[in-house]
Amino acid sequence: MLLVLILHAAAAVLAPVAIRYAGNRALYGLALVPAGTFVWAAVQRPPLAETYPWVPRLGMDLALRMGTLSWLMLLIVSGIGAVVLAYCARYFGEGDPGLGRFAGIFLGFATAMTGLVVADDLLLLYVFWELTTVFSYLLIGHKGEQSAGRRAAMQALVVTTAGGLAMLVGFVMLGHGAGTYRWSEIAEGPLPANSAVAAVLILAGALSKSAIFPFSFWLPAAMAAPTPASAYLHAASMVKAGVFLLGLLGPLLVQAEPWRPVALAAGVITLLLGGWNAMRQHDLKLLLAYGTVSQLGLLTIALGAGGQAAALAGAALLLAHALFKAALFLVVGIVDHLAGTRDLRELSGLGQRMPLLAVIAALAVASMAGVPPLAGFVGKETLFAAFEHGGTTDRLVLLALVAGSALTVAYGLRFLWGAFATKPGVAPLETPRPGFAFAAPAGLLSVAGLAVGVSAGWFDGLLGPYASQFPGQTEHLALWHGFGLPLLLSAAVLAIGGTLFAMQLRGRPWPGRRLPYAETVYKWLMSAVDRAAVEVTGATQRGSLPFSLGIILVVLVLFGAGTLVFVAPWPTDIRLWDSPLQLVAGAVVVSSALIAARSRRRMTAMILLGVSGYGVAVMFVLHGAPDLALTQFLVETVTIVMFVLVLRRLPVRFSARPLRVTRIMRAVLAVATGLVAAGMAYVAVGGRIATPISVDFAEPAVSYGGGHNIVNVALVDIRAWDTMGEISVLVVAATGVASLIFRRSGALQRRRAEQGTPSAPPGPWLRAGDNPEARRQSIILQVVARLLFHTIVLFSIYLLFSGHNDPGGGFAGGLVAGLALTTRYLAGGRRELNAAAPVDAGLLLGAGLLTAVGTGVVALISGGAVLQSALLDFHLPLLGHIHFATSVFFDIGVYLIVVALVLEILRSLGAELDRQHEVATRRERRAIERQKEPV
């Protein structure tokens, strides 16, 4: 079974390429994949089971199992999938640009549907369930330029996804109560606890997927999909997923009280409403769509009733419906393709032009109406027998079955008349006859319906093991059960349905009032959500950064404070400090932050914020965390530099606004946010009930990572995947910010040109010292920069390589190297910076990321896990014994990325802003000079 899934997935991936090179003929080759699955499944006899490891730590496996019902569904999914793919070769025009995409998505859907019907693990089933939702969304919205298709696709996605999420909760409750998510094991045990709630949630998912009331409205709208997709998704496979789930879980969950009444009530309403609305349709495809809704209600009644006879009838009807409804959709596709319309009021005389197609359609409609000896008759008569001897509820359901089946006969005759009859007052259409290859798929499915009906006794033996899982009376599939109530009801259904159609044909219109659907509620809800989104966005996103931040902080304070006051258990042993020095450092942090909030000058506020940051670094030192303290000091220094680069181009003072009242409100909010955040942190740390995982880092840091600095070893070895993700985000963010600043087409080229040889001869102390920017700086600053630059770089390299055992590491070393470049920039401007680092920052970012990723790849190639480090011990002359961990290469990648990031900041927020300022200054001067020129 796993091989079947792999072959389907491979065909889906290769389908666009095959269509591109072989055209429509490639569809016949692609159809061989589901056809092969059909042949394989046909020769198997369930049950079959396969298990493959998936997520061992969570106890999850790729558990596949093919029982009788799964076997039947696999035959339907693969067989009709192959037929529809062959049909697509004639339906789509040669060279259709969207055919490759359609074929790939179609086969992807077939893969997901195949996985769904053979999944034994409930969580695995849910994965495939949601994949069918995604693929159906893409198929319904195949013609993306049509708004109707986009709306229908989104509607189907929202409804089925919402039901799927409810179903997932039900699966979790069911699996948790049973102690396993393996359905074959759950079904053998007693009904788990909370099964009633789980049953309702699972029903919500199943009913929404199969378009059962109140979720019926999405299926008719989904007819915007190409007709082959409708024949497969909305007649044979996807909409069967819900009723398949009812049949799969029914043997156990029918014991839950809500299961049977909910399934029967929803099925009856859907059966009647779908048939009623089908009689009002003039579009042949919509007529079939509402008919499909009605038939899905019939299947829900059969598979949700929980009886042995009803289950047997449901399995037979599952097969019969797939055959006749897929055939009818293919017929509609042929009619639409050749006649150019699906409106039955415009179609006339097609029965004479296409007699073979009319016979194919009549055979399918006869099966749908329950005419012997076709498959539909066998299943429907067995279903009548299942409710023949029940109580009052069963009699009411039987009455509904008769009424719904009569409507089925009526709209089936309406379909035949609308598509093929010669209508008075309507000119017969002169259409070409369909070719054999175009009509053969529909004919094959119709004849298959006849073959299944004739072979009813043989299918009874195949489907009997499934039905035997249910309690209740025993019935058998057969063409002849003798004279009795089921046969009488079958005849009455045909008579009533024919009468209803005759009455409508003779001029008595079907009631025009549309029966209520949940579509109105859905549209109202979606409109309300859209309106609420607009109002909330307008109220909270006014384009003001302080206002937006204020909204976020107000929500944090309200919910955080409420949680702290009413929910969170406060620690009883509150310890304010371990040393008076911590109190002093804390006072510096708080006071500098408060003064910064009241400051009128931007530079003053920035310096005070820096003092607050340095105070936090001192707190780290006092808490015995030198690595964190070193990093905090360096980050704070780089942040100050970045602020300075930006603030020098902004006004010295803040705006006179906000008003005094607003400033007070902001101060109160800031203090409240700080208090709430501190309280949440304190409660979270004090409320820890599990042992921190970090307590076990000390031993593997030495034995596994080869270093005594636990923080650095954790970053580059134990939790290297986290660091990999962080540096990847850092590279993307740095590239994006630089791209925004260097937004003009020529700015990037000028920056790269300036990174080469200095444009001016070297000055006395700096390589590019003879430039206007350098001449404006103090000679003392230039001397200090020249003397300290190499020392700082060497110190950064020392931090890089010593970080495995002492404070340091790639991040700290990179920041120190960045500060060395900052001194060169401050002393000589952008030309001096380019002379000190004549390399593109983007290339350096890529090199750093490549080095870090390469470390993981090399470890994998060497036979270890990704990012696993190796410890090397060797002796070198003069240097002596060397203890070396290969994770240092990962640290080198981090070092390069941080250096490149600082370099990018200096060039974008520094050099580029300088250049833009110079350009703006020259323009202003030229404008002033032009104004001074005499006229």
# chains A, B, ... in the order shown; residues from 1 in each chain; ligands from 1
>>> residues_around(residues="Gly104 of chain A", least_positions_apart="2", cutoff="12 Å", atoms="only C-alpha atoms", output="ChimeraX atom specification")
/A:8-20,26-27,30-31,85,98-102,106-111,135,138-139,142
>>> residues_around(residues="segment 498-508 of chain A", least_positions_apart="6", cutoff="10 Å", atoms="only C-alpha atoms", output="short mmCIF file (atom, residue, chain, number, x, y, z; two decimals) with N, CA and C atoms, in the first residue's frame")
data_model
loop_
_atom_site.label_atom_id
_atom_site.label_comp_id
_atom_site.auth_asym_id
_atom_site.auth_seq_id
_atom_site.Cartn_x
_atom_site.Cartn_y
_atom_site.Cartn_z
N MET A 279 -35.03 19.57 -8.68
CA MET A 279 -36.16 19.72 -9.61
C MET A 279 -36.30 21.16 -10.11
N ALA A 406 -38.36 8.97 -4.75
CA ALA A 406 -39.29 9.42 -5.79
C ALA A 406 -38.79 10.71 -6.43
N LEU A 407 -38.26 11.61 -5.63
CA LEU A 407 -37.66 12.83 -6.18
C LEU A 407 -36.47 12.48 -7.07
N THR A 408 -35.72 11.45 -6.68
CA THR A 408 -34.58 11.02 -7.50
C THR A 408 -35.05 10.58 -8.87
N VAL A 409 -36.14 9.80 -8.91
CA VAL A 409 -36.68 9.36 -10.20
C VAL A 409 -37.12 10.57 -11.02
N ALA A 410 -37.76 11.53 -10.36
CA ALA A 410 -38.28 12.70 -11.07
C ALA A 410 -37.15 13.53 -11.67
N TYR A 411 -36.12 13.85 -10.88
CA TYR A 411 -35.07 14.69 -11.47
C TYR A 411 -34.18 13.90 -12.41
N GLY A 412 -34.14 12.56 -12.27
CA GLY A 412 -33.42 11.75 -13.25
C GLY A 412 -34.10 11.81 -14.60
N LEU A 413 -35.44 11.70 -14.62
CA LEU A 413 -36.17 11.83 -15.88
C LEU A 413 -36.06 13.25 -16.44
N ARG A 414 -36.05 14.21 -15.55
CA ARG A 414 -35.89 15.60 -15.99
C ARG A 414 -34.52 15.78 -16.65
N TRP A 417 -34.75 14.10 -20.14
CA TRP A 417 -35.57 14.92 -21.03
C TRP A 417 -34.85 16.21 -21.40
N ALA A 492 -43.49 1.67 -6.14
CA ALA A 492 -44.17 2.92 -5.83
C ALA A 492 -43.27 4.12 -6.08
#
>>> closest_residue(among="A:Leu249, A:Ala41, A:Val816, A:Leu675", to="Leu558 of chain A", atoms="only C-alpha atoms")
A:Leu675
>>> residues_around(residues="Ala316 of chain A", least_positions_apart="4", cutoff="7 Å", atoms="only C-alpha atoms", output="PDB file with N, CA and C atoms, in the first residue's frame")
ATOM      1  N   LEU A 312     -24.887  -2.959   4.820  1.00  0.00           N
ATOM      2  CA  LEU A 312     -24.690  -3.681   3.567  1.00  0.00           C
ATOM      3  C   LEU A 312     -25.264  -2.880   2.398  1.00  0.00           C
ATOM      4  N   ALA A 320     -22.614   1.871  -6.302  1.00  0.00           N
ATOM      5  CA  ALA A 320     -23.563   2.200  -7.364  1.00  0.00           C
ATOM      6  C   ALA A 320     -23.570   3.693  -7.664  1.00  0.00           C
ATOM      7  N   GLY A 379     -29.068  -1.935  -4.177  1.00  0.00           N
ATOM      8  CA  GLY A 379     -28.786  -1.262  -2.926  1.00  0.00           C
ATOM      9  C   GLY A 379     -30.003  -0.626  -2.306  1.00  0.00           C
TER      10      GLY A 379
END
>>> atom_distance(atom1="atom CA of Gln782 of chain A", atom2="atom CA of Ala835 of chain A")
14.1 Å
>>> atom_distance(atom1="atom CA of Trp721 of chain A", atom2="atom CA of Thr631 of chain A")
20.2 Å
>>> closest_residue(among="A:Leu909, A:Gly803, A:Met526, A:Leu876", to="Tyr895 of chain A", atoms="only C-alpha atoms")
A:Gly803
>>> residues_around(residues="Asp573 of chain A", least_positions_apart="6", cutoff="12 Å", atoms="only C-alpha atoms", output="PDB file with N, CA and C atoms, in the first residue's frame")
ATOM      1  N   TYR A 682       8.195  36.352  36.755  1.00  0.00           N
ATOM      2  CA  TYR A 682       8.457  35.819  38.099  1.00  0.00           C
ATOM      3  C   TYR A 682       7.557  34.624  38.385  1.00  0.00           C
ATOM      4  N   VAL A 683       6.284  34.753  38.041  1.00  0.00           N
ATOM      5  CA  VAL A 683       5.346  33.652  38.294  1.00  0.00           C
ATOM      6  C   VAL A 683       5.697  32.449  37.433  1.00  0.00           C
ATOM      7  N   GLY A 686       8.816  30.851  38.922  1.00  0.00           N
ATOM      8  CA  GLY A 686       8.501  30.265  40.218  1.00  0.00           C
ATOM      9  C   GLY A 686       7.508  29.125  40.141  1.00  0.00           C
ATOM     10  N   GLY A 687       6.741  29.071  39.079  1.00  0.00           N
ATOM     11  CA  GLY A 687       5.731  28.016  38.948  1.00  0.00           C
ATOM     12  C   GLY A 687       6.225  26.791  38.219  1.00  0.00           C
TER      13      GLY A 687
END
>>> closest_residue(among="A:Leu131, A:Met724, A:Ala785, A:Val554", to="Leu850 of chain A", atoms="only C-alpha atoms")
A:Met724
>>> residues_around(residues="Asp394 of chain A", least_positions_apart="5", cutoff="12 Å", atoms="only C-alpha atoms", output="PyMOL selection string")
chain A and resi 260-261+264-265+268+301-302+305+307+310+383-389+399-401
>>> residues_around(residues="Phe697 of chain A", least_positions_apart="4", cutoff="10 Å", atoms="only C-alpha atoms", output="count of residues only")
11
>>> atom_distance(atom1="atom CA of Ala841 of chain A", atom2="atom CA of Leu628 of chain A")
26.5 Å
>>> closest_atom_pairs(of="segment 847-921 of chain A", to="segment 637-641 of chain A", cutoff="12 Å", atoms="only C-alpha atoms", output="tab-separated table")
residue	atom	partner	partner_atom	distance
A:Val898	CA	A:Val638	CA	11.1
A:Val899	CA	A:Val638	CA	11.3
A:Leu901	CA	A:Val638	CA	10.8
A:Val902	CA	A:Val638	CA	7.9
A:Leu903	CA	A:Val638	CA	11.1
A:Ile905	CA	A:Val641	CA	9.5
A:Leu906	CA	A:Val641	CA	8.9
A:Leu909	CA	A:Val641	CA	10.0
A:Gly910	CA	A:Val641	CA	9.7
